[in-house]
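Participant: What follows is entry_37.txt, compact mmCIF, C-alpha atoms.
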# COMPACT_ATOMS: atom_id res chain seq x y z
CA MET A 1 -8.72 144.26 152.45
CA ALA A 2 -5.13 142.99 152.39
CA VAL A 3 -4.54 139.29 153.02
CA GLN A 4 -1.53 137.30 154.15
CA VAL A 5 -0.67 134.02 152.47
CA MET A 6 1.29 131.44 154.43
CA ILE A 7 3.35 129.16 152.19
CA LYS A 8 4.92 126.16 153.91
CA ARG A 9 7.77 124.22 152.33
CA LYS A 10 10.05 121.42 153.47
CA PHE A 11 13.41 121.29 151.72
CA LYS A 12 15.33 118.05 151.59
CA VAL A 13 17.50 118.97 148.63
CA ASP A 14 20.56 117.25 147.23
CA ASN A 15 21.12 120.02 144.65
CA PRO A 16 20.53 123.43 146.26
CA GLU A 17 22.27 125.08 143.30
CA LYS A 18 19.24 124.13 141.20
CA LEU A 19 16.67 125.14 143.83
CA ILE A 20 17.87 128.62 144.79
CA PRO A 21 17.50 130.14 141.29
CA LEU A 22 13.94 128.76 141.06
CA LEU A 23 12.97 130.28 144.42
CA THR A 24 14.53 133.58 143.38
CA GLU A 25 12.64 133.50 140.07
CA LEU A 26 9.36 132.77 141.86
CA ARG A 27 9.84 135.76 144.16
CA ILE A 28 10.85 138.09 141.30
CA ARG A 29 7.77 137.09 139.30
CA ALA A 30 5.46 137.43 142.34
CA LYS A 31 6.69 140.99 142.92
CA GLU A 32 5.60 141.87 139.37
CA GLN A 33 2.01 140.71 139.93
CA PRO A 34 -0.90 143.11 140.42
CA GLY A 35 -1.82 143.28 144.11
CA TYR A 36 1.51 142.02 145.49
CA ILE A 37 2.56 144.02 148.56
CA SER A 38 5.44 142.20 150.26
CA GLY A 39 6.95 138.87 151.22
CA GLU A 40 9.22 137.36 153.84
CA THR A 41 10.89 133.95 154.06
CA LEU A 42 11.57 132.32 157.43
CA ARG A 43 13.45 129.14 158.35
CA SER A 44 12.61 127.12 161.44
CA LEU A 45 15.17 127.15 164.23
CA ASP A 46 13.84 123.77 165.38
CA ASN A 47 14.02 122.07 161.97
CA SER A 48 16.25 123.66 159.33
CA GLU A 49 14.35 121.87 156.54
CA ASP A 50 11.12 123.76 157.32
CA TYR A 51 10.48 127.13 155.66
CA LEU A 52 7.56 129.55 155.83
CA VAL A 53 6.91 132.34 153.37
CA PHE A 54 4.54 135.11 154.35
CA SER A 55 3.27 136.91 151.29
CA LYS A 56 1.01 139.97 151.56
CA TRP A 57 -1.48 140.76 148.80
CA GLU A 58 -4.06 143.53 148.34
CA THR A 59 -6.86 140.96 147.92
CA ALA A 60 -7.36 137.19 148.02
CA ASP A 61 -8.35 137.43 144.36
CA ASP A 62 -4.95 138.95 143.48
CA TRP A 63 -3.23 136.03 145.23
CA ASN A 64 -5.47 133.44 143.58
CA LYS A 65 -4.78 134.85 140.12
CA TRP A 66 -1.04 134.45 140.75
CA LEU A 67 -1.53 131.01 142.34
CA ARG A 68 -3.42 129.74 139.27
CA SER A 69 -1.16 131.37 136.69
CA LYS A 70 0.67 129.07 134.32
CA GLU A 71 3.92 130.92 134.95
CA ARG A 72 3.78 130.28 138.71
CA ARG A 73 2.60 126.68 138.34
CA ASN A 74 5.52 125.88 136.02
CA ILE A 75 8.12 127.26 138.42
CA GLN A 76 6.41 125.67 141.43
CA GLY A 77 6.30 122.32 139.65
CA GLU A 78 10.06 122.43 139.17
CA ILE A 79 10.54 123.30 142.84
CA ASP A 80 8.26 120.48 144.01
CA SER A 81 10.05 117.96 141.80
CA LEU A 82 13.43 118.97 143.24
CA VAL A 83 12.38 118.88 146.89
CA GLY A 84 10.10 115.85 146.60
CA GLU A 85 7.55 117.51 148.89
CA LYS A 86 4.30 119.33 148.25
CA THR A 87 4.03 123.03 149.03
CA PHE A 88 1.08 124.08 151.23
CA TYR A 89 -0.80 127.38 151.05
CA GLU A 90 -3.21 129.07 153.43
CA ILE A 91 -4.79 132.55 153.19
CA PHE A 92 -5.39 134.70 156.27
CA GLU A 93 -7.19 137.99 156.74
CA PRO A 94 -6.89 140.52 159.55
CA VAL A 95 -9.36 140.15 162.39
CA SER A 96 -11.19 143.28 163.52
CA HIS A 97 -11.77 143.75 167.23
Can the structure in the file be given as structure tokens, please?
Facilitator:
Amino acid sequence: MAVQVMIKRKFKVDNPEKLIPLLTELRIRAKEQPGYISGETLRSLDNSEDYLVFSKWETADDWNKWLRSKERRNIQGEIDSLVGEKTFYEIFEPVSH
């Protein structure tokens, strides 16, 4: 069953020219992973520093493999060091009625 991953980030960045290539690289690498379906990035209208990424994966296991991969952790570590904030993740599954 497909799952949606909500990724929440807050960007207070002095050097966006360093951040944007890292975010692009993260998305490119995610798209190459087994089980990746799609992704969308949203910015809050109420607070322009708040971003949400919705990432759809075939299974939670597919997402977790990518989450734990050294490649992703290295890129994410660079992002976190630039923004000075931790990134939060939460996995959701569809609810049957």
Participant: What lies within 6 Å of Tyr51 of chain A using all atoms listed in the file, ignoring chain neighbours under 3 positions off, as a list in words?
Facilitator: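 The filter keeps Lys8, Arg9, Leu42 and Arg43 of chain A.
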Participant: From the list A:Pro21, A:Glu85, A:Arg29, A:Trp63, which residue is nearest Glu49 of chain A when using all atoms listed in the file?
Facilitator: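 Among the listed residues, the smallest separation from Glu49 of chain A belongs to A:Glu85.
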Participant: Smallest atom-to-atom distance to Phe92 of chain A: which of A:Val53, A:Ile20, A:Met1, A:Met6, using all atoms listed in the file?
Facilitator: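 With all atoms listed in the file as the atom set, the closest residue is A:Met6.
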Participant: Counting all atoms listed in the file, which residues come within 10 Å of (6.6, 124.4, 142.7), with the point read in the file's coordinates, and could you list them as a PyMOL selection string?
Facilitator: chain A and resi 9+22-23+26+72-83+85-87
Participant: With distances taken over all atoms listed in the file, which of A:Arg27, A:Lys18, A:Lys70, A:Lys56 is nearest to Val5 of chain A?
Facilitator: A:Lys56
Participant: For a quick check of your reading of the model, name the residues lying within 8 Å of the coordinate (-2.7, 138.6, 149.5), counting all atoms listed in the file, and write them as a PDB file with C-alpha atoms, keeping the file's coordinate frame.
Facilitator:
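The resulting file, out.pdb, is shown below:
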ATOM      1  CA  ALA A   2      -5.130 142.990 152.390  1.00  0.00           C
ATOM      2  CA  VAL A   3      -4.540 139.290 153.020  1.00  0.00           C
ATOM      3  CA  GLN A   4      -1.530 137.300 154.150  1.00  0.00           C
ATOM      4  CA  VAL A   5      -0.670 134.020 152.470  1.00  0.00           C
ATOM      5  CA  GLY A  35      -1.820 143.280 144.110  1.00  0.00           C
ATOM      6  CA  TYR A  36       1.510 142.020 145.490  1.00  0.00           C
ATOM      7  CA  ILE A  37       2.560 144.020 148.560  1.00  0.00           C
ATOM      8  CA  SER A  55       3.270 136.910 151.290  1.00  0.00           C
ATOM      9  CA  LYS A  56       1.010 139.970 151.560  1.00  0.00           C
ATOM     10  CA  TRP A  57      -1.480 140.760 148.800  1.00  0.00           C
ATOM     11  CA  GLU A  58      -4.060 143.530 148.340  1.00  0.00           C
ATOM     12  CA  THR A  59      -6.860 140.960 147.920  1.00  0.00           C
ATOM     13  CA  ALA A  60      -7.360 137.190 148.020  1.00  0.00           C
ATOM     14  CA  ASP A  61      -8.350 137.430 144.360  1.00  0.00           C
ATOM     15  CA  ASP A  62      -4.950 138.950 143.480  1.00  0.00           C
ATOM     16  CA  TRP A  63      -3.230 136.030 145.230  1.00  0.00           C
ATOM     17  CA  ILE A  91      -4.790 132.550 153.190  1.00  0.00           C
TER      18      ILE A  91
END
Participant: I'd like the interatomic distance between atom CA of Pro34 of chain A and atom CA of Arg68 of chain A, to a tenth of an Å.
Facilitator: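 Computing it gives 13.7 Å between the two atoms.
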Participant: Identify which of the residues A:Leu19, A:Leu67, A:Ile7, A:Ala30 lies closest to Gly84 of chain A, counting all atoms listed in the file when measuring atom-to-atom distances.
Facilitator: A:Leu19
Participant: Would you work out the distance separating atom CA of Phe88 of chain A from atom CA of Lys10 of chain A, expressed in Å to one decimal?
Facilitator: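 Value for the atom CA of Phe88 of chain A-atom CA of Lys10 of chain A distance: 9.6 Å.
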